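Peer 1: This is run-v7.cif, which holds mmCIF, C-alpha atoms (C1' of nucleotides):
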```cif
data_target
#
loop_
_atom_site.label_atom_id
_atom_site.label_comp_id
_atom_site.auth_asym_id
_atom_site.auth_seq_id
_atom_site.Cartn_x
_atom_site.Cartn_y
_atom_site.Cartn_z
CA MET A 1 0.00 0.00 0.00
CA MET A 2 0.92 3.60 -0.65
CA GLN A 3 2.34 5.27 2.44
CA MET A 4 1.41 8.84 3.11
CA THR A 5 4.67 10.71 3.59
CA PRO A 6 4.31 14.33 4.76
CA MET A 7 4.98 15.58 1.24
CA ILE A 8 2.29 13.40 -0.25
CA GLU A 9 -0.16 14.26 2.52
CA THR A 10 0.34 17.96 1.95
CA PHE A 11 -0.36 17.56 -1.72
CA VAL A 12 -3.35 15.28 -1.35
CA PHE A 13 -5.04 17.33 1.35
CA HIS A 14 -4.51 20.58 -0.47
CA PHE A 15 -5.85 19.07 -3.63
CA GLY A 16 -8.89 18.01 -1.65
CA GLU A 17 -9.59 21.58 -0.65
CA MET A 18 -9.04 22.86 -4.15
CA GLY A 19 -10.92 20.02 -5.76
CA SER A 20 -14.12 21.39 -4.32
CA ARG A 21 -13.52 24.57 -6.29
CA TRP A 22 -12.94 22.67 -9.47
CA GLY A 23 -16.33 21.07 -9.48
CA PHE A 24 -15.97 17.99 -7.32
CA ASN A 25 -16.00 17.51 -3.57
CA ARG A 26 -13.17 17.13 -1.12
CA THR A 27 -13.00 13.36 -1.15
CA VAL A 28 -13.09 13.19 -4.92
CA GLY A 29 -10.28 15.73 -5.07
CA GLN A 30 -8.19 13.71 -2.63
CA ILE A 31 -8.75 10.46 -4.48
CA LEU A 32 -7.75 12.04 -7.77
CA ALA A 33 -4.64 13.58 -6.21
CA LEU A 34 -3.68 10.24 -4.74
CA LEU A 35 -4.07 8.46 -8.04
CA VAL A 36 -2.15 11.14 -9.90
CA ILE A 37 0.94 10.92 -7.73
CA SER A 38 0.87 7.17 -7.38
CA GLU A 39 2.68 5.31 -10.12
CA GLU A 40 1.14 1.91 -9.53
CA PRO A 41 -2.62 1.32 -9.41
CA LEU A 42 -4.38 1.34 -6.04
CA SER A 43 -7.29 -0.75 -4.82
CA ALA A 44 -10.38 0.86 -3.39
CA ASN A 45 -9.30 -0.31 0.06
CA ASP A 46 -5.84 1.21 -0.34
CA ILE A 47 -7.48 4.50 -1.16
CA GLY A 48 -9.83 4.37 1.80
CA ASP A 49 -6.97 3.51 4.15
CA CYS A 50 -4.71 6.27 2.85
CA LEU A 51 -7.38 8.90 3.12
CA GLY A 52 -9.13 7.58 6.20
CA ILE A 53 -12.53 7.48 4.57
CA SER A 54 -15.21 4.82 4.37
CA ARG A 55 -15.35 2.19 1.71
CA GLY A 56 -18.67 3.49 0.45
CA ASN A 57 -17.31 6.96 0.05
CA VAL A 58 -14.40 5.64 -2.00
CA SER A 59 -16.81 3.85 -4.28
CA MET A 60 -18.85 6.98 -4.82
CA GLY A 61 -15.75 9.05 -5.40
CA LEU A 62 -14.44 6.65 -8.01
CA LYS A 63 -17.82 6.62 -9.68
CA GLU A 64 -17.72 10.39 -9.91
CA LEU A 65 -14.19 10.36 -11.31
CA SER A 66 -15.27 7.77 -13.87
CA SER A 67 -18.08 10.02 -15.02
CA TRP A 68 -15.41 12.67 -15.59
CA GLN A 69 -13.38 9.99 -17.38
CA LEU A 70 -10.42 10.64 -15.15
CA VAL A 71 -9.73 7.09 -13.95
CA LYS A 72 -9.13 3.75 -15.53
CA THR A 73 -9.47 0.33 -13.99
CA GLN A 74 -6.73 -2.26 -13.99
CA TYR A 75 -7.30 -5.91 -13.30
CA LYS A 76 -4.46 -7.89 -11.80
CA ALA A 77 -4.22 -11.58 -12.68
CA GLY A 78 -5.30 -13.86 -9.87
CA ASP A 79 -6.71 -10.99 -7.84
CA ARG A 80 -10.38 -10.18 -7.59
CA LYS A 81 -9.84 -6.61 -6.50
CA ASP A 82 -10.17 -3.75 -8.93
CA TYR A 83 -7.19 -1.42 -9.15
CA TYR A 84 -7.53 2.20 -10.14
CA GLN A 85 -5.22 4.61 -11.91
CA ALA A 86 -5.37 8.16 -13.17
CA LYS A 87 -6.17 8.12 -16.87
CA GLY A 88 -4.13 10.13 -19.36
CA SER A 89 -1.56 12.85 -18.92
CA ILE A 90 -1.94 15.90 -16.72
CA TRP A 91 -2.84 17.79 -19.88
CA ASP A 92 -5.50 15.30 -20.81
CA MET A 93 -6.99 15.51 -17.36
CA ALA A 94 -7.07 19.28 -17.37
CA ASN A 95 -8.86 19.11 -20.69
CA LYS A 96 -11.41 16.67 -19.33
CA VAL A 97 -12.06 18.94 -16.39
CA PHE A 98 -12.55 21.95 -18.66
CA GLU A 99 -14.87 20.05 -20.93
CA GLU A 100 -16.93 18.59 -18.14
CA ARG A 101 -17.27 21.94 -16.45
CA ARG A 102 -18.35 23.54 -19.69
CA LYS A 103 -21.06 20.94 -20.06
CA ARG A 104 -22.30 21.42 -16.55
CA GLU A 105 -21.87 25.15 -16.12
CA ILE A 106 -22.09 26.89 -19.45
CA ASP A 107 -24.26 24.78 -21.71
CA PRO A 108 -27.40 24.90 -19.54
CA THR A 109 -27.06 28.65 -19.18
CA MET A 110 -26.66 29.08 -22.92
CA SER A 111 -29.84 27.19 -23.49
CA ILE A 112 -31.82 29.35 -21.09
CA LEU A 113 -30.38 32.54 -22.50
CA ARG A 114 -31.31 31.46 -26.01
CA ASP A 115 -34.88 30.85 -24.89
CA ILE A 116 -35.09 34.27 -23.32
CA MET A 117 -33.69 35.91 -26.44
CA LEU A 118 -36.53 34.43 -28.46
CA ASP A 119 -39.16 36.07 -26.27
CA GLU A 120 -40.63 39.40 -27.22
CA ALA A 121 -39.68 42.14 -24.76
CA ALA A 122 -42.88 43.28 -23.04
CA ASN A 123 -41.62 46.70 -21.97
CA GLN A 124 -38.64 49.00 -21.72
CA LYS A 125 -37.15 47.13 -18.77
CA GLU A 126 -37.33 43.81 -20.51
CA ALA A 127 -35.76 45.32 -23.59
CA TYR A 128 -32.77 46.42 -21.58
CA ALA A 129 -32.61 43.06 -19.83
CA GLN A 130 -32.69 41.30 -23.16
CA GLN A 131 -29.88 43.41 -24.49
CA GLN A 132 -27.69 42.51 -21.53
CA ILE A 133 -28.64 38.87 -21.83
CA HIS A 134 -27.66 38.99 -25.46
CA GLN A 135 -24.21 40.16 -24.52
CA ILE A 136 -23.77 37.46 -21.94
CA HIS A 137 -24.88 34.88 -24.47
CA ASP A 138 -22.37 36.09 -27.03
CA LEU A 139 -19.60 36.05 -24.50
CA LEU A 140 -20.37 32.51 -23.41
CA GLU A 141 -20.66 31.39 -27.01
CA ASN A 142 -17.24 32.82 -27.74
CA ILE A 143 -15.74 31.12 -24.74
CA THR A 144 -17.32 27.85 -25.75
CA HIS A 145 -16.04 27.98 -29.31
CA TRP A 146 -12.68 29.06 -28.13
CA THR A 147 -12.18 26.29 -25.60
CA GLN A 148 -13.47 23.74 -28.06
CA SER A 149 -10.93 24.82 -30.62
CA LEU A 150 -8.19 24.67 -28.01
CA GLN A 151 -9.22 21.13 -27.25
CA SER A 152 -8.89 20.14 -30.86
CA LEU A 153 -5.30 21.39 -31.02
CA SER A 154 -2.46 18.91 -30.61
CA PRO A 155 -0.69 19.06 -27.26
CA GLU A 156 2.41 20.48 -28.95
CA LYS A 157 0.52 23.31 -30.57
CA LEU A 158 -1.34 23.97 -27.37
CA ASN A 159 1.93 24.23 -25.56
CA ALA A 160 3.36 26.56 -28.19
CA LEU A 161 0.29 28.73 -27.83
CA MET A 162 0.58 28.83 -24.05
CA LYS A 163 4.24 29.73 -24.26
CA LEU A 164 3.29 32.57 -26.58
CA GLY A 165 1.83 34.52 -23.68
CA SER A 166 1.47 38.19 -24.46
CA GLY A 167 2.95 37.46 -27.88
CA VAL A 168 -0.57 36.48 -28.74
CA GLY A 169 -1.32 40.08 -29.64
CA LYS A 170 1.55 40.06 -32.10
CA VAL A 171 0.35 36.90 -33.75
CA LEU A 172 -2.99 38.58 -34.29
CA ASP A 173 -1.30 41.48 -36.03
CA LEU A 174 0.53 38.92 -38.11
CA LYS A 175 -2.69 37.31 -39.15
CA ASP A 176 -4.11 40.66 -40.23
CA LYS A 177 -1.07 41.32 -42.36
CA LEU A 178 -1.24 37.94 -44.02
CA ILE A 179 -4.88 38.28 -44.82
CA GLN A 180 -4.06 41.67 -46.24
CA LYS A 181 -1.49 40.01 -48.53
CA LYS A 182 -4.03 37.56 -49.84
CA VAL A 183 -6.38 40.42 -50.66
CA ASP A 184 -3.65 42.27 -52.59
CA MET B 1 -38.92 49.22 -7.73
CA MET B 2 -37.95 46.65 -10.29
CA GLN B 3 -40.78 44.25 -11.05
CA MET B 4 -39.96 40.63 -11.60
CA THR B 5 -41.52 39.64 -14.91
CA PRO B 6 -41.37 35.93 -15.74
CA MET B 7 -38.49 36.55 -18.14
CA ILE B 8 -36.46 38.35 -15.54
CA GLU B 9 -37.27 35.79 -12.89
CA THR B 10 -36.10 32.97 -15.11
CA PHE B 11 -32.84 34.72 -15.73
CA VAL B 12 -32.20 35.74 -12.16
CA PHE B 13 -33.03 32.36 -10.66
CA HIS B 14 -31.00 30.47 -13.18
CA PHE B 15 -28.08 32.79 -12.61
CA GLY B 16 -28.44 32.06 -8.92
CA GLU B 17 -27.98 28.36 -9.54
CA MET B 18 -25.07 28.91 -11.84
CA GLY B 19 -23.51 31.58 -9.67
CA SER B 20 -22.73 28.96 -7.08
CA ARG B 21 -20.58 27.21 -9.65
CA TRP B 22 -18.75 30.37 -10.51
CA GLY B 23 -17.42 30.86 -7.04
CA PHE B 24 -20.18 32.69 -5.20
CA ASN B 25 -23.36 31.46 -3.57
CA ARG B 26 -26.92 31.47 -4.85
CA THR B 27 -27.96 34.78 -3.34
CA VAL B 28 -24.86 36.54 -4.59
CA GLY B 29 -25.50 35.17 -8.06
CA GLN B 30 -29.08 36.39 -7.99
CA ILE B 31 -28.12 39.84 -6.80
CA LEU B 32 -25.53 40.15 -9.53
CA ALA B 33 -27.99 38.97 -12.17
CA LEU B 34 -30.56 41.46 -10.96
CA LEU B 35 -28.11 44.33 -11.07
CA VAL B 36 -26.85 43.33 -14.50
CA ILE B 37 -30.26 43.38 -16.14
CA SER B 38 -31.49 46.43 -14.32
CA GLU B 39 -30.63 49.70 -16.00
CA GLU B 40 -31.23 51.98 -13.04
CA PRO B 41 -29.56 51.46 -9.66
CA LEU B 42 -31.41 49.50 -6.96
CA SER B 43 -31.48 50.02 -3.22
CA ALA B 44 -30.66 47.19 -0.86
CA ASN B 45 -34.33 46.99 0.06
CA ASP B 46 -35.39 46.77 -3.57
CA ILE B 47 -33.02 43.86 -3.99
CA GLY B 48 -34.29 42.07 -0.92
CA ASP B 49 -37.90 42.54 -2.00
CA CYS B 50 -37.27 41.33 -5.55
CA LEU B 51 -35.46 38.23 -4.42
CA GLY B 52 -37.44 37.57 -1.26
CA ILE B 53 -34.40 37.45 0.97
CA SER B 54 -33.55 39.11 4.25
CA ARG B 55 -31.97 42.51 4.53
CA GLY B 56 -28.91 41.03 6.23
CA ASN B 57 -28.38 38.59 3.42
CA VAL B 58 -28.52 41.39 0.87
CA SER B 59 -25.90 43.29 2.79
CA MET B 60 -23.61 40.27 2.87
CA GLY B 61 -24.16 39.59 -0.80
CA LEU B 62 -23.30 43.14 -1.76
CA LYS B 63 -20.21 42.99 0.40
CA GLU B 64 -19.12 39.87 -1.44
CA LEU B 65 -19.77 41.44 -4.82
CA SER B 66 -17.79 44.50 -3.76
CA SER B 67 -14.84 42.32 -2.88
CA TRP B 68 -15.07 40.99 -6.43
CA GLN B 69 -15.29 44.60 -7.62
CA LEU B 70 -18.49 43.86 -9.47
CA VAL B 71 -20.74 46.57 -8.04
CA LYS B 72 -20.59 50.30 -7.65
CA THR B 73 -22.58 52.49 -5.31
CA GLN B 74 -24.66 55.43 -6.44
CA TYR B 75 -25.88 58.16 -4.15
CA LYS B 76 -29.07 59.91 -5.07
CA ALA B 77 -29.45 63.55 -4.05
CA GLY B 78 -31.77 64.02 -1.09
CA ASP B 79 -31.94 60.28 -0.38
CA ARG B 80 -30.02 58.58 2.35
CA LYS B 81 -30.28 55.15 0.81
CA ASP B 82 -27.39 53.62 -1.08
CA TYR B 83 -28.14 52.49 -4.61
CA TYR B 84 -26.23 49.71 -6.29
CA GLN B 85 -25.35 49.01 -9.88
CA ALA B 86 -23.31 46.46 -11.78
CA LYS B 87 -19.88 47.87 -12.50
CA GLY B 88 -18.38 47.78 -15.99
CA SER B 89 -19.34 45.91 -19.12
CA ILE B 90 -20.14 42.22 -19.32
CA TRP B 91 -16.61 41.72 -20.60
CA ASP B 92 -15.13 43.57 -17.68
CA MET B 93 -17.15 41.53 -15.26
CA ALA B 94 -16.13 38.24 -16.83
CA ASN B 95 -12.54 39.37 -16.53
CA LYS B 96 -12.99 40.22 -12.88
CA VAL B 97 -14.48 36.82 -12.24
CA PHE B 98 -11.60 35.08 -13.99
CA GLU B 99 -9.05 37.10 -12.11
CA GLU B 100 -10.66 36.63 -8.75
CA ARG B 101 -10.99 32.91 -9.30
CA ARG B 102 -7.38 32.66 -10.31
CA LYS B 103 -6.37 34.36 -7.09
CA ARG B 104 -8.50 32.11 -4.97
CA GLU B 105 -8.12 28.82 -6.78
CA ILE B 106 -4.82 28.71 -8.58
CA ASP B 107 -2.41 30.94 -6.72
CA PRO B 108 -2.57 29.10 -3.38
CA THR B 109 -2.06 25.79 -5.15
CA MET B 110 0.92 27.13 -7.07
CA SER B 111 2.50 28.22 -3.85
CA ILE B 112 2.11 24.80 -2.24
CA LEU B 113 3.36 23.02 -5.33
CA ARG B 114 6.43 25.23 -5.42
CA ASP B 115 7.18 24.36 -1.81
CA ILE B 116 6.90 20.67 -2.51
CA MET B 117 9.14 20.98 -5.53
CA LEU B 118 11.88 22.41 -3.34
CA ASP B 119 11.86 19.37 -1.04
CA GLU B 120 14.26 16.52 -1.63
CA ALA B 121 12.46 13.34 -2.68
CA ALA B 122 12.97 10.78 0.10
CA ASN B 123 12.39 7.71 -2.03
CA GLN B 124 11.27 6.36 -5.37
CA LYS B 125 7.59 7.06 -4.69
CA GLU B 126 8.22 10.64 -3.75
CA ALA B 127 10.36 11.09 -6.84
CA TYR B 128 7.45 10.04 -9.03
CA ALA B 129 5.07 12.22 -7.05
CA GLN B 130 7.38 15.17 -7.46
CA GLN B 131 7.59 14.63 -11.18
CA GLN B 132 3.80 14.68 -11.48
CA ILE B 133 3.57 17.71 -9.24
CA HIS B 134 6.08 19.44 -11.44
CA GLN B 135 3.85 18.88 -14.45
CA ILE B 136 0.81 20.22 -12.66
CA HIS B 137 2.77 23.25 -11.60
CA ASP B 138 3.92 23.96 -15.15
CA LEU B 139 0.40 23.60 -16.45
CA LEU B 140 -1.01 25.99 -13.90
CA GLU B 141 1.79 28.43 -14.55
CA ASN B 142 1.01 28.34 -18.24
CA ILE B 143 -2.65 28.92 -17.62
CA THR B 144 -1.87 31.81 -15.31
CA HIS B 145 0.43 33.53 -17.79
CA TRP B 146 -1.99 32.88 -20.56
CA THR B 147 -5.02 34.33 -18.85
CA GLN B 148 -2.99 37.29 -17.65
CA SER B 149 -1.93 38.06 -21.18
CA LEU B 150 -5.50 37.74 -22.39
CA GLN B 151 -6.52 40.24 -19.76
CA SER B 152 -3.97 42.73 -21.01
CA LEU B 153 -5.33 42.56 -24.56
CA SER B 154 -7.74 45.23 -25.73
CA PRO B 155 -11.37 44.12 -25.98
CA GLU B 156 -11.20 44.37 -29.77
CA LYS B 157 -8.17 42.11 -30.03
CA LEU B 158 -9.68 39.75 -27.54
CA ASN B 159 -12.77 39.55 -29.67
CA ALA B 160 -10.75 38.97 -32.81
CA LEU B 161 -8.91 36.19 -31.05
CA MET B 162 -12.15 34.59 -29.90
CA LYS B 163 -13.59 34.75 -33.37
CA LEU B 164 -10.48 33.06 -34.67
CA GLY B 165 -11.59 29.76 -33.17
CA SER B 166 -9.86 26.79 -34.73
CA GLY B 167 -8.03 29.19 -37.02
CA VAL B 168 -5.72 29.57 -34.08
CA GLY B 169 -3.80 26.50 -35.18
CA LYS B 170 -3.24 27.99 -38.59
CA VAL B 171 -1.99 31.23 -37.14
CA LEU B 172 0.50 29.25 -35.11
CA ASP B 173 1.80 27.54 -38.25
CA LEU B 174 2.10 30.95 -39.77
CA LYS B 175 4.14 32.19 -36.87
CA ASP B 176 6.49 29.22 -37.18
CA LYS B 177 7.01 29.94 -40.85
CA LEU B 178 7.78 33.58 -40.21
CA ILE B 179 10.26 32.74 -37.50
CA GLN B 180 11.81 30.26 -39.91
CA LYS B 181 12.23 33.03 -42.46
CA LYS B 182 14.03 35.20 -39.96
CA VAL B 183 16.41 32.32 -39.21
CA ASP B 184 17.19 31.77 -42.89
"C1'" DA C 1 -25.42 -24.35 -5.23
"C1'" DT C 2 -22.58 -22.18 -1.76
"C1'" DA C 3 -18.95 -19.69 -0.07
"C1'" DT C 4 -15.92 -16.03 -0.64
"C1'" DA C 5 -14.16 -11.72 -1.86
"C1'" DC C 6 -15.15 -8.08 -3.42
"C1'" DT C 7 -18.32 -3.62 -5.09
"C1'" DT C 8 -22.34 -0.62 -4.96
"C1'" DT C 9 -26.28 1.54 -3.01
"C1'" DC C 10 -28.81 4.25 0.02
"C1'" DA C 11 -31.11 5.68 4.42
"C1'" DA C 12 -29.55 7.82 8.37
"C1'" DT C 13 -26.32 10.98 10.31
"C1'" DA C 14 -22.72 14.40 10.43
"C1'" DA C 15 -20.59 18.40 8.68
"C1'" DT C 16 -20.79 22.47 6.26
"C1'" DT C 17 -22.79 26.36 4.23
"C1'" DT C 18 -26.24 29.74 3.86
"C1'" DC C 19 -29.86 32.68 5.69
"C1'" DT C 20 -32.45 35.18 9.06
"C1'" DG C 21 -33.51 38.78 12.10
"C1'" DA C 22 -32.63 41.30 16.07
"C1'" DA C 23 -29.08 44.16 18.01
"C1'" DA C 24 -25.31 47.21 17.23
"C1'" DC C 25 -23.52 50.56 14.52
"C1'" DT C 26 -23.29 54.80 11.36
"C1'" DT C 27 -24.71 58.99 9.38
"C1'" DC C 28 -27.37 62.80 8.67
"C1'" DC C 29 -30.31 66.34 10.20
"C1'" DG C 30 -32.85 69.68 13.31
"C1'" DC D 1 -27.56 66.20 21.71
"C1'" DG D 2 -31.54 62.95 20.20
"C1'" DG D 3 -33.80 60.60 16.86
"C1'" DA D 4 -34.79 58.97 12.27
"C1'" DA D 5 -33.24 56.36 8.40
"C1'" DG D 6 -30.41 53.74 6.97
"C1'" DT D 7 -26.38 49.75 7.05
"C1'" DT D 8 -23.68 45.95 9.04
"C1'" DT D 9 -22.74 42.14 12.02
"C1'" DC D 10 -23.20 37.78 13.89
"C1'" DA D 11 -25.30 33.95 16.77
"C1'" DG D 12 -28.46 30.64 15.98
"C1'" DA D 13 -31.77 28.19 12.69
"C1'" DA D 14 -32.50 26.21 8.29
"C1'" DA D 15 -31.01 24.15 4.21
"C1'" DT D 16 -27.83 21.74 1.71
"C1'" DT D 17 -24.13 18.56 0.95
"C1'" DA D 18 -21.00 14.89 2.24
"C1'" DT D 19 -20.08 10.64 4.75
"C1'" DT D 20 -20.83 6.39 6.98
"C1'" DG D 21 -21.84 1.65 7.36
"C1'" DA D 22 -24.88 -2.00 6.94
"C1'" DA D 23 -27.46 -4.41 3.51
"C1'" DA D 24 -27.90 -5.72 -1.17
"C1'" DG D 25 -25.61 -6.87 -5.32
"C1'" DT D 26 -22.05 -9.19 -8.38
"C1'" DA D 27 -18.62 -12.26 -9.89
"C1'" DT D 28 -15.58 -16.19 -9.37
"C1'" DA D 29 -14.00 -20.52 -7.73
"C1'" DT D 30 -15.00 -25.00 -5.93
#
```
Can the structure from this file be put into structure tokens for me?
Peer 2:
Amino acid sequence: MMQMTPMIETFVFHFGEMGSRWGFNRTVGQILALLVISEEPLSANDIGDCLGISRGNVSMGLKELSSWQLVKTQYKAGDRKDYYQAKGSIWDMANKVFEERRKREIDPTMSILRDIMLDEAANQKEAYAQQQIHQIHDLLENITHWTQSLQSLSPEKLNALMKLGSGVGKVLDLKDKLIQKKVD
Amino acid sequence: MMQMTPMIETFVFHFGEMGSRWGFNRTVGQILALLVISEEPLSANDIGDCLGISRGNVSMGLKELSSWQLVKTQYKAGDRKDYYQAKGSIWDMANKVFEERRKREIDPTMSILRDIMLDEAANQKEAYAQQQIHQIHDLLENITHWTQSLQSLSPEKLNALMKLGSGVGKVLDLKDKLIQKKVD
DNA sequence: ATATACTTTCAATAATTTCTGAAACTTCCG
DNA sequence: CGGAAGTTTCAGAAATTATTGAAAGTATAT
């Protein structure tokens, strides 16, 4: 079984706190952290022992992580236990988290905003409200398209883009110039 | 006082639900939504009446929104009441939310990860853990730089970038070619 | 078919977060 | 100063969310 050295405890517990901000609860955050820093797969009992949580809670946590597609199951020959591992690279996981959050947090809002935009404004106040709602909708739509296109980039390109930092403004200028060339 | 038409109610209540996912609680989300779609400033009592919540809760919600720098206070001549309004454009507000979330969710984690990275790995397991932690740190650092550079872009450029969508990959290729030229 | 070794579910409970409302505080005016 | 009109605070109540653990479920080996 994994032993919890002080370093690993610090990481796992902190990740538990933060996990709750990233859309899952403390236990789920801790389980994910544990799986991420553990090279070999862990059984559900290992996880419960390390974190000092009940067996049922581990099961629910793993179920949640599965729904986020963040864990994979390993079967060991001659052993009935299931063993769990983090699935994919850190990059892949971050992507999964972004995508899942978009689905849960942005998509439902978009749908409601679209409905509202179809309604006829009944008075001056509603007209103003609708105008604001329109802006929020457009913003969310942009963010959605944007993150989707980031997800379709290869990891290398993504990394290049990230490294670009404030150079991103320059690249935009570049693009304008090139388009200009084509027009000429 | 603002009347709650069905359209406005739908929006405000939904925003309340979603607000809790964006880092503030239901009431705070509702108050923000109400202020965003209301053209003229509202008093704390107006807000409480519209949302059916206690005066104390309104006060706490406004305090929270102030700490996010999302509201401004208006004083009306010959009226002792304070009147509140959403501060800045939708874009500005989204930026504030991003920034505030970064401060609360990413920065503390970065600091802990940095500490861990300075420790000497005591054994093979810790070495692997440290390697993973290093990757997480780099990812978060990239995201931080990236979002900071987005924030420093003008709204127009930001919009152009958003509209670019998957074209972003092409622009990157372009950049590589241009750098290549310089090297030649 | 039964025993065994595990996993999952879910009702009850515990922990946490949010909300209320009364009291304390502030500010403005006469 | 005293009081009226407002705002803020915070202890306790209410609501929500997370956790436990025992019971039910599943799969495998004999």
Peer 1: Can you check which parts of range 9-108 of chain A lie within 12 Å of range 153-170 of chain A? Per residue, the shortest pair of atoms and distance in Å to one decimal, counting only C-alpha atoms, sorted by chain and number, as a tab-separated table.
Peer 2:
```
residue	atom	partner	partner_atom	distance
A:Ser89	CA	A:Pro155	CA	10.4
A:Ile90	CA	A:Pro155	CA	11.1
A:Trp91	CA	A:Pro155	CA	7.8
A:Asp92	CA	A:Pro155	CA	8.9
A:Ala94	CA	A:Pro155	CA	11.8
A:Asn95	CA	A:Pro155	CA	10.5
```
Peer 1: The selected residues should be written to file as a tab-separated table (two decimals), in the frame of the given file (atoms: C-alpha atoms).
Peer 2:
```
chain	number	residue	atom	x	y	z
A	89	SER	CA	-1.56	12.85	-18.92
A	90	ILE	CA	-1.94	15.90	-16.72
A	91	TRP	CA	-2.84	17.79	-19.88
A	92	ASP	CA	-5.50	15.30	-20.81
A	94	ALA	CA	-7.07	19.28	-17.37
A	95	ASN	CA	-8.86	19.11	-20.69
```
Peer 1: For chain D, which residues have at least one atom within 8 Å of chain B, if we go by only C-alpha atoms (C1' of nucleotides)? Write them as a PDB file with C-alpha atoms (C1' of nucleotides), in the frame of the given file, please.
Peer 2:
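Printed below is out-v6.pdb as written:
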```pdb
ATOM      1  C1'  DA D   5     -33.240  56.360   8.400  1.00  0.00           C
ATOM      2  C1'  DG D   6     -30.410  53.740   6.970  1.00  0.00           C
ATOM      3  C1'  DT D   7     -26.380  49.750   7.050  1.00  0.00           C
ATOM      4  C1'  DT D   8     -23.680  45.950   9.040  1.00  0.00           C
TER       5       DT D   8
END
```
Peer 1: How many Å lie between CA of Glu99 in chain A and CA of Leu65 in chain A, rounded to one decimal?
Peer 2: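 Calculated distance between CA of Glu99 in chain A and CA of Leu65 in chain A is 13.7 Å.
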Peer 1: For a test of reading the model, state the distance in Å between CA of Cys50 in chain A and CA of Thr5 in chain A, rounded to one decimal.
Peer 2: 10.4 Å
Peer 1: Using all atoms listed in the file, which of the listed residues (A:Val58, A:Leu35, A:Leu150, A:Ala86) sits closest to chain C?
Peer 2: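 Ranking A:Val58, A:Leu35, A:Leu150, A:Ala86 by distance to chain C, first place goes to A:Val58.
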Peer 1: For the file shown, what are the residues hit by the PyMOL selection byres ((chain B and resi 19) around 12), laid out as JSON, numbers by chain?
Peer 2: {"A": [105, 106, 109], "B": [11, 12, 13, 14, 15, 16, 17, 18, 20, 21, 22, 23, 24, 25, 26, 27, 28, 29, 30, 31, 32, 33, 61, 65, 97]}
Peer 1: Report the residues retrieved by the PyMOL selection byres ((chain D and resi 14) around 8) from the displayed file, expressed as a PDB file with C-alpha atoms (C1' of nucleotides), in the coordinates of the input.
Peer 2:
```
ATOM      1  C1'  DC C  19     -29.860  32.680   5.690  1.00  0.00           C
TER       2       DC C  19
ATOM      3  C1'  DA D  13     -31.770  28.190  12.690  1.00  0.00           C
ATOM      4  C1'  DA D  15     -31.010  24.150   4.210  1.00  0.00           C
TER       5       DA D  15
END
```
Peer 1: Please compute the CA of Ser152 in chain B-CA of Leu172 in chain A distance, one decimal, in Å.
Peer 2: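 If I compute the distance from CA of Ser152 in chain B to CA of Leu172 in chain A, I get 13.9 Å.
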Peer 1: Considering only C-alpha atoms (C1' of nucleotides), state which residue in the set C:DC10, C:DT4, C:DT17, C:DC29 is at the smallest distance from DA23 in chain D.
Peer 2: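 Smallest separation from DA23 in chain D among the options: C:DC10.
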Peer 1: I would like the residues chosen by the PyMOL selection byres ((chain C) within 10 of (chain A)) on the shown file; could you give them as a VMD selection string?
Peer 2: chain C and resid 5 to 9
Peer 1: Applying 10 Å and only C-alpha atoms (C1' of nucleotides), which residues near Ile8 in chain A remain after dropping the ones on its own chain fewer than 5 positions away? List them as a list in words.
Peer 2: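 Selected residues are Met2, Gln3, Phe13, His14, Ala33, Leu34, Ile37 and Ser38 of chain A; Ile116, Lys125, Glu126, Ala129 and Gln130 of chain B.
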Peer 1: Residues near Gln74 in chain A, anyone? I mean within 9 Å using only C-alpha atoms (C1' of nucleotides), not counting same-chain ones fewer than 2 positions away, as a ChimeraX atom specification.
Peer 2: /A:41,72,76,82-85
Peer 1: Restricting the calculation to only C-alpha atoms: of B:Ile136, B:Leu70, B:Met93, B:Leu118, which residue gets closest to chain A?
Peer 2: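 Selected residue with least distance to chain A: B:Ile136.
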Peer 1: Compute the distance from (-27.9, 8.4, 4.7) to each atom, counting only C-alpha atoms (C1' of nucleotides), keep the residues with any atom at most 9 Å away, and return them as a list in words; use the coordinates of the file.
Peer 2: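 Protein and nucleic acid residues near the point are DC10, DA11, DA12 and DT13 of chain C; DT19 and DT20 of chain D.
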Peer 1: Nearest to chain B: which of A:Ile53, A:Gln124, A:Val171, A:Trp68 is it, counting all atoms listed in the file?
Peer 2: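 Smallest distance to chain B is found for A:Val171.
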Peer 1: Considering only C-alpha atoms, state which residue in the set A:Trp146, A:Asp46, A:Gln151, A:Arg101 is at the smallest distance from chain B.
Peer 2: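 Distance minimum relative to chain B lands on A:Trp146.
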